[in-house]
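Asker: Handing you a structure now.
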Amino acid sequence: MGTFTVYKERKHKGNTYTFRRIMRVTERNIDNNGQMLLISEVEVEGWWTTLESADAEVIALYRDHATSEQFHSEFKTDMDLERLPSGKFDSNDLVLNLGALTYNILKHIGLCGLLDEDAPVRHSAKRRRIKTVIQELMYVAARLIKRSRQLWLRFG
């Protein structure tokens, strides 16, 4: 595996811009199962950036970009915020702010649910999707019982 950097200058409307292209070339002689290959596989990856960090750090940042996209997707789909309800900016702003607050509360509940010893865990995980938190921790059956002039919640 080898990594190298190439700097390119481009002119646009009288201004000169410098871009950096980081390339990583990986040659594989053995596949994932340990089988030797007759012909080597060569994989080339490339990133265009203006960051001045080290090559490995830039590659790690771009790898984390996919994680950020997963959180964005989770916010949109699991919270049903794919389409905003109004044509007015202020209404949509309120909906997004309330959605962000709800998202953070559910994330915290999910984290507490992972760390609790009574947590309903199907498999070990570092984090839970919002949909899973809603299904396993929020949709809990309960009965409202009136006893001794008090209201009680009885959970299953």
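Every chain in the structure tokens has a letter given in the order shown (A, B, ...), and although residue numbers restart at 1 in each chain, ligands are simply numbered from 1 in the order shown.
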Find the residues around region 19-36 of chain A up to 10 Å (only C-alpha atoms counted), leave out those fewer than 4 positions away in its own chain, and share them as an MDAnalysis selection string.

Answerer: chainID A and resid 1:10 40:52 54:56 58:59

Asker: Go ahead and write the residues just picked, N, CA, C and O atoms, as a short mmCIF file (atom, residue, chain, number, x, y, z; two decimals), in the first residue's frame.

Answerer:
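Below is the file that was written, selection_29.cif:
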```cif
data_model
loop_
_atom_site.label_atom_id
_atom_site.label_comp_id
_atom_site.auth_asym_id
_atom_site.auth_seq_id
_atom_site.Cartn_x
_atom_site.Cartn_y
_atom_site.Cartn_z
N MET A 1 0.86 -1.16 0.00
CA MET A 1 0.00 0.00 0.00
C MET A 1 0.91 1.23 0.00
O MET A 1 1.90 1.28 0.72
N GLY A 2 0.53 2.19 -0.81
CA GLY A 2 1.29 3.42 -0.89
C GLY A 2 0.36 4.62 -0.99
O GLY A 2 -0.71 4.54 -1.57
N THR A 3 0.77 5.73 -0.39
CA THR A 3 -0.01 6.95 -0.41
C THR A 3 0.87 8.07 -0.93
O THR A 3 2.04 8.17 -0.55
N PHE A 4 0.30 8.91 -1.80
CA PHE A 4 1.04 10.07 -2.28
C PHE A 4 0.09 11.22 -2.53
O PHE A 4 -1.12 11.05 -2.62
N THR A 5 0.65 12.42 -2.62
CA THR A 5 -0.13 13.64 -2.78
C THR A 5 0.32 14.38 -4.02
O THR A 5 1.52 14.48 -4.29
N VAL A 6 -0.65 14.92 -4.76
CA VAL A 6 -0.38 15.73 -5.94
C VAL A 6 -1.11 17.06 -5.76
O VAL A 6 -2.29 17.08 -5.39
N TYR A 7 -0.41 18.17 -5.98
CA TYR A 7 -1.03 19.48 -5.91
C TYR A 7 -1.33 19.97 -7.32
O TYR A 7 -0.49 19.87 -8.21
N LYS A 8 -2.52 20.51 -7.51
CA LYS A 8 -2.94 21.04 -8.81
C LYS A 8 -3.38 22.48 -8.64
O LYS A 8 -4.05 22.81 -7.66
N GLU A 9 -3.01 23.32 -9.58
CA GLU A 9 -3.47 24.71 -9.59
C GLU A 9 -4.47 24.89 -10.71
O GLU A 9 -4.25 24.43 -11.83
N ARG A 10 -5.57 25.54 -10.41
CA ARG A 10 -6.60 25.83 -11.39
C ARG A 10 -6.91 27.32 -11.33
O ARG A 10 -6.94 27.91 -10.26
N SER A 40 -2.48 -10.05 -9.28
CA SER A 40 -2.69 -9.14 -8.16
C SER A 40 -3.87 -8.21 -8.43
O SER A 40 -4.10 -7.79 -9.56
N GLU A 41 -4.60 -7.91 -7.38
CA GLU A 41 -5.67 -6.91 -7.46
C GLU A 41 -5.08 -5.57 -7.05
O GLU A 41 -4.40 -5.47 -6.03
N VAL A 42 -5.37 -4.54 -7.83
CA VAL A 42 -4.89 -3.20 -7.52
C VAL A 42 -6.11 -2.30 -7.31
O VAL A 42 -6.99 -2.24 -8.15
N GLU A 43 -6.14 -1.65 -6.17
CA GLU A 43 -7.24 -0.74 -5.83
C GLU A 43 -6.67 0.66 -5.69
O GLU A 43 -5.67 0.87 -4.98
N VAL A 44 -7.31 1.63 -6.36
CA VAL A 44 -6.86 3.02 -6.31
C VAL A 44 -7.99 3.85 -5.72
O VAL A 44 -9.11 3.81 -6.19
N GLU A 45 -7.66 4.58 -4.67
CA GLU A 45 -8.62 5.48 -4.04
C GLU A 45 -8.07 6.90 -4.12
O GLU A 45 -6.85 7.10 -4.06
N GLY A 46 -8.96 7.87 -4.25
CA GLY A 46 -8.50 9.25 -4.35
C GLY A 46 -9.43 10.22 -3.66
O GLY A 46 -10.64 10.01 -3.59
N TRP A 47 -8.86 11.27 -3.10
CA TRP A 47 -9.62 12.31 -2.40
C TRP A 47 -9.10 13.67 -2.84
O TRP A 47 -7.90 13.94 -2.80
N TRP A 48 -10.01 14.55 -3.27
CA TRP A 48 -9.68 15.94 -3.56
C TRP A 48 -9.97 16.74 -2.30
O TRP A 48 -11.03 16.60 -1.70
N THR A 49 -9.04 17.58 -1.88
CA THR A 49 -9.24 18.33 -0.65
C THR A 49 -8.44 19.63 -0.69
O THR A 49 -7.52 19.79 -1.50
N THR A 50 -8.82 20.53 0.19
CA THR A 50 -8.04 21.75 0.41
C THR A 50 -7.44 21.74 1.82
O THR A 50 -6.83 22.71 2.23
N LEU A 51 -7.64 20.66 2.55
CA LEU A 51 -7.10 20.53 3.90
C LEU A 51 -5.59 20.37 3.84
O LEU A 51 -5.04 19.77 2.93
N GLU A 52 -4.90 20.89 4.85
CA GLU A 52 -3.43 20.80 4.90
C GLU A 52 -2.97 19.81 5.96
O GLU A 52 -1.83 19.86 6.38
N ALA A 54 -2.17 15.89 7.58
CA ALA A 54 -1.42 14.74 7.07
C ALA A 54 -2.35 13.84 6.24
O ALA A 54 -3.56 13.85 6.43
N ASP A 55 -1.76 13.08 5.32
CA ASP A 55 -2.55 12.23 4.42
C ASP A 55 -3.45 11.27 5.19
O ASP A 55 -4.64 11.14 4.88
N ALA A 56 -2.91 10.59 6.19
CA ALA A 56 -3.69 9.61 6.95
C ALA A 56 -4.84 10.28 7.68
O ALA A 56 -5.94 9.73 7.78
N VAL A 58 -6.46 13.07 6.75
CA VAL A 58 -7.46 13.45 5.75
C VAL A 58 -8.29 12.24 5.35
O VAL A 58 -9.53 12.30 5.26
N ILE A 59 -7.64 11.10 5.14
CA ILE A 59 -8.36 9.87 4.77
C ILE A 59 -9.30 9.46 5.89
O ILE A 59 -10.45 9.07 5.65
#
```

Asker: Check the DSSP output for the backbone and give back, as a ChimeraX atom specification, the residues of chain A in strand (DSSP E or B).

Answerer: /A:2-12,15-30,36-49,142-147,150-155

Asker: Give me every helix (DSSP H, G or I) residue in region 2-156 of chain A, going by DSSP on the backbone, as a ChimeraX atom specification.

Answerer: /A:55-78,89-115,130-138

Asker: Contacts of region 101-107 of chain A at 12 Å or less, counting only C-alpha atoms, minus same-chain residues fewer than 6 places along, as a list in words?

Answerer: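 Skipping anything fewer than 6 positions along the chain leaves Phe71, His72, Glu74, Phe75, Lys76, Thr77, Asp78, Met79, Asp80, Leu81, Leu94, Val95, Gly113, Leu114, Lys126, Arg127, Arg128, Arg129, Ile130, Lys131, Thr132, Val133, Ile134, Gln135, Glu136, Leu137 and Met138 of chain A.
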
Asker: Just to confirm, what's the straight-line distance from CA of Asn92 (chain A) to CA of Ala66 (chain A) in Å (one decimal)?

Answerer: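 A separation of 26.0 Å between them.
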
Asker: Give me, please, the distance in Å between CA of Ser53 (chain A) and CA of His12 (chain A), quoted to one decimal.

Answerer: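 About the pair CA of Ser53 (chain A) and CA of His12 (chain A): they are 24.7 Å apart.
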
Asker: What is the CA of Arg154 (chain A)-CA of Val140 (chain A) distance in Å, reported with one decimal?

Answerer: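 Computed distance, CA of Arg154 (chain A) to CA of Val140 (chain A), equals 10.5 Å.
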